[in-house]
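**Q** For reference, the file work-v4.cif (mmCIF, C-alpha atoms and all ligand atoms; chains and numbers go by the auth columns) is included below:
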```
data_target
#
loop_
_atom_site.group_PDB
_atom_site.id
_atom_site.type_symbol
_atom_site.label_atom_id
_atom_site.label_comp_id
_atom_site.label_asym_id
_atom_site.label_seq_id
_atom_site.Cartn_x
_atom_site.Cartn_y
_atom_site.Cartn_z
_atom_site.B_iso_or_equiv
_atom_site.auth_seq_id
_atom_site.auth_asym_id
ATOM 1 C CA MET A 1 -0.631 -16.273 10.937 0.00 1419 M
ATOM 2 C CA LYS A 2 1.474 -13.207 10.189 0.00 1420 M
ATOM 3 C CA GLN A 3 -0.231 -10.609 8.063 0.00 1421 M
ATOM 4 C CA THR A 4 1.519 -9.689 4.824 0.00 1422 M
ATOM 5 C CA LEU A 5 3.246 -6.343 5.287 0.00 1423 M
ATOM 6 C CA ILE A 6 3.719 -4.002 2.345 0.00 1424 M
ATOM 7 C CA ILE A 7 5.717 -0.822 2.810 0.00 1425 M
ATOM 8 C CA ALA A 8 5.825 1.946 0.211 0.00 1426 M
ATOM 9 C CA ASN A 9 9.100 3.858 0.179 0.00 1427 M
ATOM 10 C CA TRP A 10 8.401 7.042 -1.754 0.00 1428 M
ATOM 11 C CA LYS A 11 12.046 8.153 -1.373 0.00 1429 M
ATOM 12 C CA MET A 12 12.575 11.842 -2.293 0.00 1430 M
ATOM 13 C CA ASN A 13 9.592 11.936 -4.635 0.00 1431 M
ATOM 14 C CA GLY A 14 6.198 13.572 -4.512 0.00 1432 M
ATOM 15 C CA SER A 15 4.473 16.920 -4.171 0.00 1433 M
ATOM 16 C CA LEU A 16 1.274 18.001 -2.450 0.00 1434 M
ATOM 17 C CA VAL A 17 -0.625 17.529 -5.693 0.00 1435 M
ATOM 18 C CA SER A 18 0.852 14.186 -6.793 0.00 1436 M
ATOM 19 C CA ASN A 19 0.658 12.752 -3.257 0.00 1437 M
ATOM 20 C CA SER A 20 -2.975 13.726 -3.065 0.00 1438 M
ATOM 21 C CA LYS A 21 -3.794 11.815 -6.272 0.00 1439 M
ATOM 22 C CA LEU A 22 -1.857 8.771 -5.162 0.00 1440 M
ATOM 23 C CA LEU A 23 -3.378 8.732 -1.683 0.00 1441 M
ATOM 24 C CA THR A 24 -6.913 9.066 -2.995 0.00 1442 M
ATOM 25 C CA ALA A 25 -6.338 5.990 -5.165 0.00 1443 M
ATOM 26 C CA ILE A 26 -4.586 3.981 -2.422 0.00 1444 M
ATOM 27 C CA LEU A 27 -7.398 4.712 0.031 0.00 1445 M
ATOM 28 C CA LYS A 28 -9.905 3.262 -2.416 0.00 1446 M
ATOM 29 C CA PHE A 29 -8.262 -0.164 -2.579 0.00 1447 M
ATOM 30 C CA SER A 30 -6.735 -0.260 0.900 0.00 1448 M
ATOM 31 C CA ASN A 31 -9.840 -1.667 2.534 0.00 1449 M
ATOM 32 C CA THR A 32 -9.954 -4.633 0.194 0.00 1450 M
ATOM 33 C CA ALA A 33 -6.208 -5.312 0.522 0.00 1451 M
ATOM 34 C CA ASN A 34 -5.607 -8.201 2.869 0.00 1452 M
ATOM 35 C CA THR A 35 -2.327 -6.686 4.012 0.00 1453 M
ATOM 36 C CA GLU A 36 -0.845 -4.255 6.498 0.00 1454 M
ATOM 37 C CA LEU A 37 -0.038 -1.209 4.364 0.00 1455 M
ATOM 38 C CA VAL A 38 2.553 1.403 5.308 0.00 1456 M
ATOM 39 C CA ILE A 39 3.425 4.587 3.424 0.00 1457 M
ATOM 40 C CA CYS A 40 6.792 6.284 3.973 0.00 1458 M
ATOM 41 C CA PRO A 41 6.805 9.763 2.414 0.00 1459 M
ATOM 42 C CA SER A 42 9.511 12.430 2.812 0.00 1460 M
ATOM 43 C CA TYR A 43 9.358 14.252 6.156 0.00 1461 M
ATOM 44 C CA PRO A 44 7.514 17.391 4.907 0.00 1462 M
ATOM 45 C CA TYR A 45 4.619 15.271 3.698 0.00 1463 M
ATOM 46 C CA LEU A 46 4.073 13.238 6.876 0.00 1464 M
ATOM 47 C CA HIS A 47 1.266 15.524 7.970 0.00 1465 M
ATOM 48 C CA GLN A 48 -0.405 15.485 4.566 0.00 1466 M
ATOM 49 C CA VAL A 49 -0.330 11.676 4.434 0.00 1467 M
ATOM 50 C CA LYS A 50 -1.587 11.471 8.017 0.00 1468 M
ATOM 51 C CA GLU A 51 -4.599 13.613 7.140 0.00 1469 M
ATOM 52 C CA TYR A 52 -5.515 11.211 4.340 0.00 1470 M
ATOM 53 C CA ILE A 53 -4.983 7.905 6.118 0.00 1471 M
ATOM 54 C CA ILE A 54 -6.441 8.728 9.510 0.00 1472 M
ATOM 55 C CA GLY A 55 -9.293 6.323 10.193 0.00 1473 M
ATOM 56 C CA SER A 56 -8.111 3.914 7.492 0.00 1474 M
ATOM 57 C CA LYS A 57 -6.026 0.780 7.954 0.00 1475 M
ATOM 58 C CA ILE A 58 -2.980 2.395 6.330 0.00 1476 M
ATOM 59 C CA LYS A 59 -0.066 3.177 8.639 0.00 1477 M
ATOM 60 C CA LEU A 60 2.492 5.949 8.334 0.00 1478 M
ATOM 61 C CA GLY A 61 6.254 5.459 8.277 0.00 1479 M
ATOM 62 C CA ALA A 62 9.390 7.592 7.951 0.00 1480 M
ATOM 63 C CA GLN A 63 12.425 6.956 5.772 0.00 1481 M
ATOM 64 C CA ASN A 64 15.056 7.834 8.344 0.00 1482 M
ATOM 65 C CA VAL A 65 15.610 8.983 11.929 0.00 1483 M
ATOM 66 C CA ASN A 66 18.413 10.524 13.950 0.00 1484 M
ATOM 67 C CA GLU A 67 20.220 8.333 16.480 0.00 1485 M
ATOM 68 C CA ASN A 68 19.920 10.892 19.305 0.00 1486 M
ATOM 69 C CA ILE A 69 16.953 11.688 21.527 0.00 1487 M
ATOM 70 C CA THR A 70 17.127 15.482 21.220 0.00 1488 M
ATOM 71 C CA GLY A 71 19.656 18.314 20.973 0.00 1489 M
ATOM 72 C CA ALA A 72 21.823 20.421 18.661 0.00 1490 M
ATOM 73 C CA TYR A 73 21.609 18.308 15.485 0.00 1491 M
ATOM 74 C CA THR A 74 20.595 20.837 12.866 0.00 1492 M
ATOM 75 C CA GLY A 75 18.488 19.390 10.090 0.00 1493 M
ATOM 76 C CA GLU A 76 17.804 16.125 11.892 0.00 1494 M
ATOM 77 C CA VAL A 77 14.560 14.527 13.096 0.00 1495 M
ATOM 78 C CA SER A 78 14.085 12.390 16.221 0.00 1496 M
ATOM 79 C CA ALA A 79 12.003 9.269 16.768 0.00 1497 M
ATOM 80 C CA ASP A 80 9.785 11.080 19.276 0.00 1498 M
ATOM 81 C CA MET A 81 9.025 13.787 16.692 0.00 1499 M
ATOM 82 C CA LEU A 82 8.088 11.142 14.162 0.00 1500 M
ATOM 83 C CA LYS A 83 5.831 9.524 16.721 0.00 1501 M
ATOM 84 C CA GLU A 84 4.086 12.857 17.298 0.00 1502 M
ATOM 85 C CA PHE A 85 3.473 12.991 13.582 0.00 1503 M
ATOM 86 C CA TYR A 86 1.658 9.647 13.688 0.00 1504 M
ATOM 87 C CA CYS A 87 4.508 7.465 12.392 0.00 1505 M
ATOM 88 C CA ARG A 88 4.428 3.798 13.374 0.00 1506 M
ATOM 89 C CA TYR A 89 7.367 2.539 11.317 0.00 1507 M
ATOM 90 C CA ILE A 90 10.829 3.874 10.465 0.00 1508 M
ATOM 91 C CA LEU A 91 13.104 2.580 7.709 0.00 1509 M
ATOM 92 C CA VAL A 92 16.619 2.183 9.060 0.00 1510 M
ATOM 93 C CA GLY A 93 19.807 1.417 7.146 0.00 1511 M
ATOM 94 C CA HIS A 94 18.340 1.608 3.649 0.00 1512 M
ATOM 95 C CA SER A 95 21.141 0.847 1.193 0.00 1513 M
ATOM 96 C CA GLU A 96 20.905 4.366 -0.221 0.00 1514 M
ATOM 97 C CA ARG A 97 21.633 5.731 3.246 0.00 1515 M
ATOM 98 C CA ARG A 98 24.436 3.243 3.823 0.00 1516 M
ATOM 99 C CA ALA A 99 26.054 4.130 0.479 0.00 1517 M
ATOM 100 C CA LEU A 100 25.309 7.855 0.043 0.00 1518 M
ATOM 101 C CA PHE A 101 25.393 8.951 3.691 0.00 1519 M
ATOM 102 C CA GLN A 102 28.004 6.507 4.990 0.00 1520 M
ATOM 103 C CA GLU A 103 25.692 4.905 7.541 0.00 1521 M
ATOM 104 C CA SER A 104 27.564 2.188 9.418 0.00 1522 M
ATOM 105 C CA ASN A 105 26.182 -0.853 11.246 0.00 1523 M
ATOM 106 C CA ALA A 106 27.024 0.944 14.504 0.00 1524 M
ATOM 107 C CA LEU A 107 24.980 4.014 13.562 0.00 1525 M
ATOM 108 C CA ILE A 108 22.136 1.844 12.304 0.00 1526 M
ATOM 109 C CA ALA A 109 22.019 -0.059 15.607 0.00 1527 M
ATOM 110 C CA LYS A 110 21.706 3.280 17.462 0.00 1528 M
ATOM 111 C CA LYS A 111 18.873 4.396 15.186 0.00 1529 M
ATOM 112 C CA ILE A 112 17.080 1.116 15.792 0.00 1530 M
ATOM 113 C CA THR A 113 17.405 1.604 19.540 0.00 1531 M
ATOM 114 C CA GLN A 114 15.928 5.116 19.311 0.00 1532 M
ATOM 115 C CA THR A 115 13.072 3.841 17.180 0.00 1533 M
ATOM 116 C CA ILE A 116 12.176 1.035 19.578 0.00 1534 M
ATOM 117 C CA ASP A 117 12.575 3.238 22.637 0.00 1535 M
ATOM 118 C CA ALA A 118 10.056 5.656 21.116 0.00 1536 M
ATOM 119 C CA GLY A 119 7.606 2.763 20.740 0.00 1537 M
ATOM 120 C CA LEU A 120 7.906 2.580 16.948 0.00 1538 M
ATOM 121 C CA THR A 121 8.777 -0.331 14.653 0.00 1539 M
ATOM 122 C CA PRO A 122 12.131 -0.194 12.874 0.00 1540 M
ATOM 123 C CA VAL A 123 12.501 -1.764 9.451 0.00 1541 M
ATOM 124 C CA LEU A 124 16.120 -2.875 9.217 0.00 1542 M
ATOM 125 C CA CYS A 125 17.269 -2.940 5.590 0.00 1543 M
ATOM 126 C CA ILE A 126 20.070 -5.330 4.705 0.00 1544 M
ATOM 127 C CA GLY A 127 21.498 -6.525 1.408 0.00 1545 M
ATOM 128 C CA GLU A 128 24.547 -7.318 -0.649 0.00 1546 M
ATOM 129 C CA THR A 129 26.112 -5.617 -3.684 0.00 1547 M
ATOM 130 C CA LEU A 130 26.438 -7.425 -6.999 0.00 1548 M
ATOM 131 C CA ALA A 131 30.187 -7.793 -6.477 0.00 1549 M
ATOM 132 C CA GLN A 132 29.612 -9.398 -3.074 0.00 1550 M
ATOM 133 C CA ARG A 133 27.091 -11.817 -4.595 0.00 1551 M
ATOM 134 C CA GLU A 134 29.412 -12.715 -7.455 0.00 1552 M
ATOM 135 C CA ASN A 135 32.156 -13.312 -4.897 0.00 1553 M
ATOM 136 C CA GLY A 136 29.986 -15.784 -2.991 0.00 1554 M
ATOM 137 C CA ASP A 137 29.779 -13.481 0.027 0.00 1555 M
ATOM 138 C CA VAL A 138 26.005 -13.139 0.394 0.00 1556 M
ATOM 139 C CA LYS A 139 25.752 -15.132 3.631 0.00 1557 M
ATOM 140 C CA THR A 140 28.708 -13.368 5.246 0.00 1558 M
ATOM 141 C CA VAL A 141 27.451 -9.886 4.343 0.00 1559 M
ATOM 142 C CA ILE A 142 23.849 -10.486 5.391 0.00 1560 M
ATOM 143 C CA LEU A 143 24.710 -12.183 8.669 0.00 1561 M
ATOM 144 C CA ASP A 144 27.289 -9.515 9.438 0.00 1562 M
ATOM 145 C CA GLN A 145 24.680 -6.731 9.026 0.00 1563 M
ATOM 146 C CA LEU A 146 22.114 -8.685 11.011 0.00 1564 M
ATOM 147 C CA SER A 147 24.288 -9.981 13.820 0.00 1565 M
ATOM 148 C CA TYR A 148 25.865 -6.578 14.418 0.00 1566 M
ATOM 149 C CA VAL A 149 22.476 -5.104 15.259 0.00 1567 M
ATOM 150 C CA ILE A 150 21.379 -8.119 17.333 0.00 1568 M
ATOM 151 C CA ASN A 151 24.585 -8.028 19.363 0.00 1569 M
ATOM 152 C CA GLU A 152 24.182 -4.297 20.001 0.00 1570 M
ATOM 153 C CA ILE A 153 20.512 -4.180 20.947 0.00 1571 M
ATOM 154 C CA GLY A 154 19.885 -7.719 22.236 0.00 1572 M
ATOM 155 C CA LEU A 155 17.290 -10.258 21.139 0.00 1573 M
ATOM 156 C CA LYS A 156 14.560 -8.867 23.375 0.00 1574 M
ATOM 157 C CA LYS A 157 14.545 -5.627 21.392 0.00 1575 M
ATOM 158 C CA PHE A 158 15.343 -7.313 18.103 0.00 1576 M
ATOM 159 C CA LYS A 159 12.038 -9.188 18.380 0.00 1577 M
ATOM 160 C CA LEU A 160 10.385 -5.867 17.501 0.00 1578 M
ATOM 161 C CA VAL A 161 12.410 -5.311 14.325 0.00 1579 M
ATOM 162 C CA VAL A 162 11.042 -5.934 10.832 0.00 1580 M
ATOM 163 C CA ILE A 163 13.773 -7.153 8.470 0.00 1581 M
ATOM 164 C CA ALA A 164 13.878 -6.082 4.826 0.00 1582 M
ATOM 165 C CA TYR A 165 16.210 -8.075 2.597 0.00 1583 M
ATOM 166 C CA GLU A 166 17.034 -5.787 -0.306 0.00 1584 M
ATOM 167 C CA PRO A 167 19.805 -6.925 -2.656 0.00 1585 M
ATOM 168 C CA ILE A 168 21.454 -3.655 -3.681 0.00 1586 M
ATOM 169 C CA TRP A 169 21.780 -4.776 -7.301 0.00 1587 M
ATOM 170 C CA ALA A 170 17.996 -5.096 -7.471 0.00 1588 M
ATOM 171 C CA ILE A 171 17.054 -1.707 -6.009 0.00 1589 M
ATOM 172 C CA GLY A 172 15.731 0.682 -8.644 0.00 1590 M
ATOM 173 C CA THR A 173 17.363 -1.342 -11.420 0.00 1591 M
ATOM 174 C CA GLY A 174 14.382 -3.269 -12.733 0.00 1592 M
ATOM 175 C CA GLN A 175 16.435 -6.413 -12.112 0.00 1593 M
ATOM 176 C CA THR A 176 14.649 -8.257 -9.328 0.00 1594 M
ATOM 177 C CA ALA A 177 15.993 -11.295 -7.484 0.00 1595 M
ATOM 178 C CA SER A 178 14.365 -14.489 -8.714 0.00 1596 M
ATOM 179 C CA PRO A 179 11.905 -16.047 -6.250 0.00 1597 M
ATOM 180 C CA GLU A 180 14.508 -18.787 -5.587 0.00 1598 M
ATOM 181 C CA GLN A 181 17.327 -16.290 -4.980 0.00 1599 M
ATOM 182 C CA ALA A 182 15.167 -14.272 -2.593 0.00 1600 M
ATOM 183 C CA GLN A 183 13.821 -17.348 -0.791 0.00 1601 M
ATOM 184 C CA THR A 184 17.352 -18.726 -0.301 0.00 1602 M
ATOM 185 C CA VAL A 185 18.420 -15.587 1.553 0.00 1603 M
ATOM 186 C CA HIS A 186 15.176 -15.284 3.510 0.00 1604 M
ATOM 187 C CA ARG A 187 15.513 -18.933 4.582 0.00 1605 M
ATOM 188 C CA MET A 188 19.097 -18.353 5.619 0.00 1606 M
ATOM 189 C CA ILE A 189 18.049 -15.353 7.738 0.00 1607 M
ATOM 190 C CA ARG A 190 15.268 -17.348 9.384 0.00 1608 M
ATOM 191 C CA GLN A 191 17.584 -20.261 10.104 0.00 1609 M
ATOM 192 C CA TYR A 192 20.135 -17.929 11.640 0.00 1610 M
ATOM 193 C CA LEU A 193 17.432 -16.477 13.905 0.00 1611 M
ATOM 194 C CA TYR A 194 16.258 -20.005 14.751 0.00 1612 M
ATOM 195 C CA GLY A 195 19.693 -20.723 16.148 0.00 1613 M
ATOM 196 C CA LEU A 196 19.250 -17.741 18.484 0.00 1614 M
ATOM 197 C CA ASP A 197 15.599 -18.223 19.406 0.00 1615 M
ATOM 198 C CA PRO A 198 13.020 -20.381 17.578 0.00 1616 M
ATOM 199 C CA ILE A 199 10.161 -18.055 18.537 0.00 1617 M
ATOM 200 C CA VAL A 200 11.909 -14.940 17.260 0.00 1618 M
ATOM 201 C CA SER A 201 12.643 -16.838 14.043 0.00 1619 M
ATOM 202 C CA LYS A 202 9.034 -17.948 13.563 0.00 1620 M
ATOM 203 C CA GLU A 203 7.560 -14.548 14.317 0.00 1621 M
ATOM 204 C CA ALA A 204 10.092 -12.468 12.363 0.00 1622 M
ATOM 205 C CA SER A 205 8.631 -10.503 9.493 0.00 1623 M
ATOM 206 C CA ILE A 206 11.134 -10.704 6.639 0.00 1624 M
ATOM 207 C CA LEU A 207 10.280 -8.475 3.676 0.00 1625 M
ATOM 208 C CA TYR A 208 11.802 -8.562 0.216 0.00 1626 M
ATOM 209 C CA GLY A 209 12.679 -5.334 -1.615 0.00 1627 M
ATOM 210 C CA GLY A 210 14.272 -4.655 -4.991 0.00 1628 M
ATOM 211 C CA SER A 211 12.299 -3.821 -8.140 0.00 1629 M
ATOM 212 C CA VAL A 212 9.120 -5.492 -6.899 0.00 1630 M
ATOM 213 C CA ASN A 213 6.360 -4.885 -9.413 0.00 1631 M
ATOM 214 C CA GLU A 214 2.928 -6.152 -10.428 0.00 1632 M
ATOM 215 C CA THR A 215 4.509 -8.916 -12.533 0.00 1633 M
ATOM 216 C CA ASN A 216 7.033 -10.460 -10.134 0.00 1634 M
ATOM 217 C CA ALA A 217 5.211 -9.918 -6.827 0.00 1635 M
ATOM 218 C CA SER A 218 2.859 -12.909 -7.073 0.00 1636 M
ATOM 219 C CA LEU A 219 5.641 -15.499 -7.341 0.00 1637 M
ATOM 220 C CA LEU A 220 7.805 -13.798 -4.734 0.00 1638 M
ATOM 221 C CA ILE A 221 5.025 -13.724 -2.145 0.00 1639 M
ATOM 222 C CA LYS A 222 4.424 -17.463 -2.597 0.00 1640 M
ATOM 223 C CA GLN A 223 7.866 -18.194 -1.147 0.00 1641 M
ATOM 224 C CA ASN A 224 7.657 -19.652 2.361 0.00 1642 M
ATOM 225 C CA ASP A 225 9.908 -17.124 4.036 0.00 1643 M
ATOM 226 C CA ILE A 226 8.817 -13.920 2.276 0.00 1644 M
ATOM 227 C CA ASP A 227 6.368 -12.072 4.519 0.00 1645 M
ATOM 228 C CA GLY A 228 5.834 -8.955 2.440 0.00 1646 M
ATOM 229 C CA PHE A 229 7.559 -6.263 0.402 0.00 1647 M
ATOM 230 C CA LEU A 230 9.384 -2.972 0.637 0.00 1648 M
ATOM 231 C CA VAL A 231 8.427 -1.243 -2.600 0.00 1649 M
ATOM 232 C CA GLY A 232 10.135 1.804 -4.090 0.00 1650 M
ATOM 233 C CA GLY A 233 9.387 2.789 -7.693 0.00 1651 M
ATOM 234 C CA ALA A 234 6.234 0.715 -8.107 0.00 1652 M
ATOM 235 C CA SER A 235 4.653 2.320 -5.032 0.00 1653 M
ATOM 236 C CA LEU A 236 4.456 5.611 -6.957 0.00 1654 M
ATOM 237 C CA ASN A 237 2.321 4.059 -9.648 0.00 1655 M
ATOM 238 C CA THR A 238 -1.289 3.523 -8.632 0.00 1656 M
ATOM 239 C CA GLU A 239 -1.991 0.519 -10.864 0.00 1657 M
ATOM 240 C CA SER A 240 1.260 -1.264 -9.991 0.00 1658 M
ATOM 241 C CA PHE A 241 0.911 -0.627 -6.278 0.00 1659 M
ATOM 242 C CA GLN A 242 -2.721 -1.731 -6.252 0.00 1660 M
ATOM 243 C CA ALA A 243 -1.785 -4.972 -8.017 0.00 1661 M
ATOM 244 C CA ILE A 244 0.982 -5.647 -5.462 0.00 1662 M
ATOM 245 C CA CYS A 245 -1.263 -4.876 -2.487 0.00 1663 M
ATOM 246 C CA THR A 246 -4.216 -6.946 -3.640 0.00 1664 M
ATOM 247 C CA LEU A 247 -2.401 -10.152 -4.632 0.00 1665 M
ATOM 248 C CA LYS A 248 -4.497 -13.243 -4.096 0.00 1666 M
HETATM 249 C C1 LIG B . 13.570 0.555 -2.054 0.00 1701 B
HETATM 250 O O1 LIG B . 13.728 1.744 -2.195 0.00 1701 B
HETATM 251 O O2 LIG B . 13.642 0.064 -0.930 0.00 1701 B
HETATM 252 C C2 LIG B . 13.285 -0.262 -3.238 0.00 1701 B
HETATM 253 C C3 LIG B . 13.147 -1.557 -3.079 0.00 1701 B
HETATM 254 O O3 LIG B . 13.170 0.381 -4.429 0.00 1701 B
HETATM 255 P P1 LIG B . 12.660 -0.268 -5.821 0.00 1701 B
HETATM 256 O O4 LIG B . 11.395 -1.013 -5.513 0.00 1701 B
HETATM 257 O O5 LIG B . 12.441 0.906 -6.714 0.00 1701 B
HETATM 258 O O6 LIG B . 13.738 -1.178 -6.290 0.00 1701 B
#
```
Show me the file's structure as structure tokens.
**A**
Amino acid sequence: MKQTLIIANWKMNGSLVSNSKLLTAILKFSNTANTELVICPSYPYLHQVKEYIIGSKIKLGAQNVNENITGAYTGEVSADMLKEFYCRYILVGHSERRALFQESNALIAKKITQTIDAGLTPVLCIGETLAQRENGDVKTVILDQLSYVINEIGLKKFKLVVIAYEPIWAIGTGQTASPEQAQTVHRMIRQYLYGLDPIVSKEASILYGGSVNETNASLLIKQNDIDGFLVGGASLNTESFQAICTLK
């Protein structure tokens, strides 16, 4: 059975002092959590988080990566560098990066390739806007984002990708998708993968993200095709994050 995967996306939040408090608390409950736990801090704090989690079952992740191996890309960070800093996961194509930094499906596919080639696990974020949902375009948008990457990198590599379905209207808004809404999309993703390869479909880890909190997480995780969460805001609150990570 797949282990539940919970990824904390700290976004551009934190400081040495606040991270330290949060990490001390997370370490205390991490051993009792029956989940794979990943923390994605901002780049400057990777080393700090590493120092805390080393020897624990918590894994480290990054929020972004450059699509090139090395070279004159001022301000950018490569997958190999992230690996040296103990990262195991990289978020790719988060909706904030798609919207604020104009990341295209083509760029995202390149970043996924770099991540896999470095031996790390990419977390491909996909999701629709409210307007797209209201227009009845959820399936088209989601399958377009997914199939673009699969066509570019091939199924053999795609097997290594974690998928995070994050409806954009639910991210940071406090308005989460209902368990039924989330399950419908997760099921659709799994069925699409089944058509390509039943094993890839069965083994795919499909996370839900979008205002997950201690109240809605228990019903969401009971859905057949939800394998874990990508958590933003609630991962910065010790009590909320503990409740999400230790769901029965
Ligand atoms: C996210 O950043 O991926 C996210 C899901 O944020 P939030 O939980 O705050 O909606």
**Q** Considering all atoms listed in the file, can you say which of M:Asn1655, M:Thr1539, M:Gln1599, M:Thr1422 comes closest to Leu1625 (chain M)?
**A**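 Answer, going by the shortest atom-to-atom distance: M:Thr1422.
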**Q** Let me know the residues the PyMOL selection byres (((not hetatm)) within 6 of (chain B and resi 1701)) catches in the file above, as number ranges by chain.
**A** M: 1427, 1588-1590, 1627-1630, 1648-1651
**Q** Those same residues - C-alpha atoms - I'd like them written as a PDB file, in the coordinates of the input.
**A**
```pdb
ATOM      1  CA  ASN M1427       9.100   3.858   0.179  1.00  0.00           C
ATOM      2  CA  ALA M1588      17.996  -5.096  -7.471  1.00  0.00           C
ATOM      3  CA  ILE M1589      17.054  -1.707  -6.009  1.00  0.00           C
ATOM      4  CA  GLY M1590      15.731   0.682  -8.644  1.00  0.00           C
ATOM      5  CA  GLY M1627      12.679  -5.334  -1.615  1.00  0.00           C
ATOM      6  CA  GLY M1628      14.272  -4.655  -4.991  1.00  0.00           C
ATOM      7  CA  SER M1629      12.299  -3.821  -8.140  1.00  0.00           C
ATOM      8  CA  VAL M1630       9.120  -5.492  -6.899  1.00  0.00           C
ATOM      9  CA  LEU M1648       9.384  -2.972   0.637  1.00  0.00           C
ATOM     10  CA  VAL M1649       8.427  -1.243  -2.600  1.00  0.00           C
ATOM     11  CA  GLY M1650      10.135   1.804  -4.090  1.00  0.00           C
ATOM     12  CA  GLY M1651       9.387   2.789  -7.693  1.00  0.00           C
TER      13      GLY M1651
END
```
**Q** For CA of Asn1642 (chain M) and CA of Ser1474 (chain M), quote the distance in Å rounded to one decimal.
**A** 28.8 Å
**Q** Would you mind reading off the distance between CA of Lys1420 (chain M) and CA of Ser1460 (chain M), one decimal, in Å?
**A**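 For CA of Lys1420 (chain M) relative to CA of Ser1460 (chain M), the distance reads 27.9 Å.
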**Q** Excluding Ser1619 (chain M) and residues on its chain fewer than 6 positions from it, collect all residues at most 9 Å away from it, counting only C-alpha atoms, and give them as a ChimeraX atom specification.
**A** /M:1577,1607-1613
**Q** Might you spell out which residues the PyMOL selection byres (((chain M and resi 1546) around 8) and not hetatm) would select in the displayed file, as a list of chain:residue names?
**A**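 Applying the expression gives M:Ile1544, M:Gly1545, M:Thr1547, M:Leu1548, M:Gln1550, M:Arg1551, M:Val1556, M:Val1559, M:Ile1560, M:Glu1584, M:Pro1585, M:Ile1586, M:Trp1587.
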**Q** Work out how far CA of Thr1656 (chain M) is from CA of Gly1432 (chain M), in Å to one decimal.
**A**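 Here the two named atoms are 13.2 Å from each other.
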**Q** Extract, using all atoms listed in the file, all DNA, RNA and protein residues at most 9 Å from region 1492-1508 of chain M, discarding same-chain residues fewer than 5 positions from it, and format them as a JSON list (two decimals) with C-alpha atoms, in the frame of the given file.
**A**
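For reference, part_7.json as written:
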```
[["chain", "number", "residue", "atom", "x", "y", "z"],
["M", 1456, "VAL", "CA", 2.55, 1.40, 5.31],
["M", 1458, "CYS", "CA", 6.79, 6.28, 3.97],
["M", 1461, "TYR", "CA", 9.36, 14.25, 6.16],
["M", 1464, "LEU", "CA", 4.07, 13.24, 6.88],
["M", 1465, "HIS", "CA", 1.27, 15.52, 7.97],
["M", 1468, "LYS", "CA", -1.59, 11.47, 8.02],
["M", 1477, "LYS", "CA", -0.07, 3.18, 8.64],
["M", 1478, "LEU", "CA", 2.49, 5.95, 8.33],
["M", 1479, "GLY", "CA", 6.25, 5.46, 8.28],
["M", 1480, "ALA", "CA", 9.39, 7.59, 7.95],
["M", 1481, "GLN", "CA", 12.42, 6.96, 5.77],
["M", 1482, "ASN", "CA", 15.06, 7.83, 8.34],
["M", 1483, "VAL", "CA", 15.61, 8.98, 11.93],
["M", 1484, "ASN", "CA", 18.41, 10.52, 13.95],
["M", 1485, "GLU", "CA", 20.22, 8.33, 16.48],
["M", 1486, "ASN", "CA", 19.92, 10.89, 19.30],
["M", 1487, "ILE", "CA", 16.95, 11.69, 21.53],
["M", 1529, "LYS", "CA", 18.87, 4.40, 15.19],
["M", 1530, "ILE", "CA", 17.08, 1.12, 15.79],
["M", 1532, "GLN", "CA", 15.93, 5.12, 19.31],
["M", 1533, "THR", "CA", 13.07, 3.84, 17.18],
["M", 1534, "ILE", "CA", 12.18, 1.03, 19.58],
["M", 1535, "ASP", "CA", 12.58, 3.24, 22.64],
["M", 1536, "ALA", "CA", 10.06, 5.66, 21.12],
["M", 1537, "GLY", "CA", 7.61, 2.76, 20.74],
["M", 1538, "LEU", "CA", 7.91, 2.58, 16.95],
["M", 1539, "THR", "CA", 8.78, -0.33, 14.65],
["M", 1540, "PRO", "CA", 12.13, -0.19, 12.87],
["M", 1541, "VAL", "CA", 12.50, -1.76, 9.45],
["M", 1542, "LEU", "CA", 16.12, -2.88, 9.22]]
```
**Q** Using only C-alpha atoms, which residues sit within 10 Å of Pro1462 (chain M) once same-chain residues fewer than 5 positions away are excluded, as a ChimeraX atom specification?
**A** /M:1433-1434,1467
**Q** Hey, which of M:Leu1573, M:Glu1454, M:Pro1597, M:Val1567 ends up closest to Val1510 (chain M)? Count all atoms listed in the file.
**A**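 The shortest atom-to-atom distance to Val1510 (chain M) comes from M:Val1567.
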**Q** Find the residue from M:Asn1452, M:Gln1520, M:Thr1602, M:Ser1565 that sits nearest to Gly1646 (chain M); use only C-alpha atoms when measuring.
**A**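 With only C-alpha atoms as the atom set, the closest residue is M:Asn1452.
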**Q** Rank M:Ile1581, M:Ile1624, M:Leu1455, M:Leu1654 by their smallest atom-to-atom distance to Ile1639 (chain M), using all atoms listed in the file, and report the top residue only.
**A**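 Among the listed residues, M:Ile1624 lies closest to Ile1639 (chain M).
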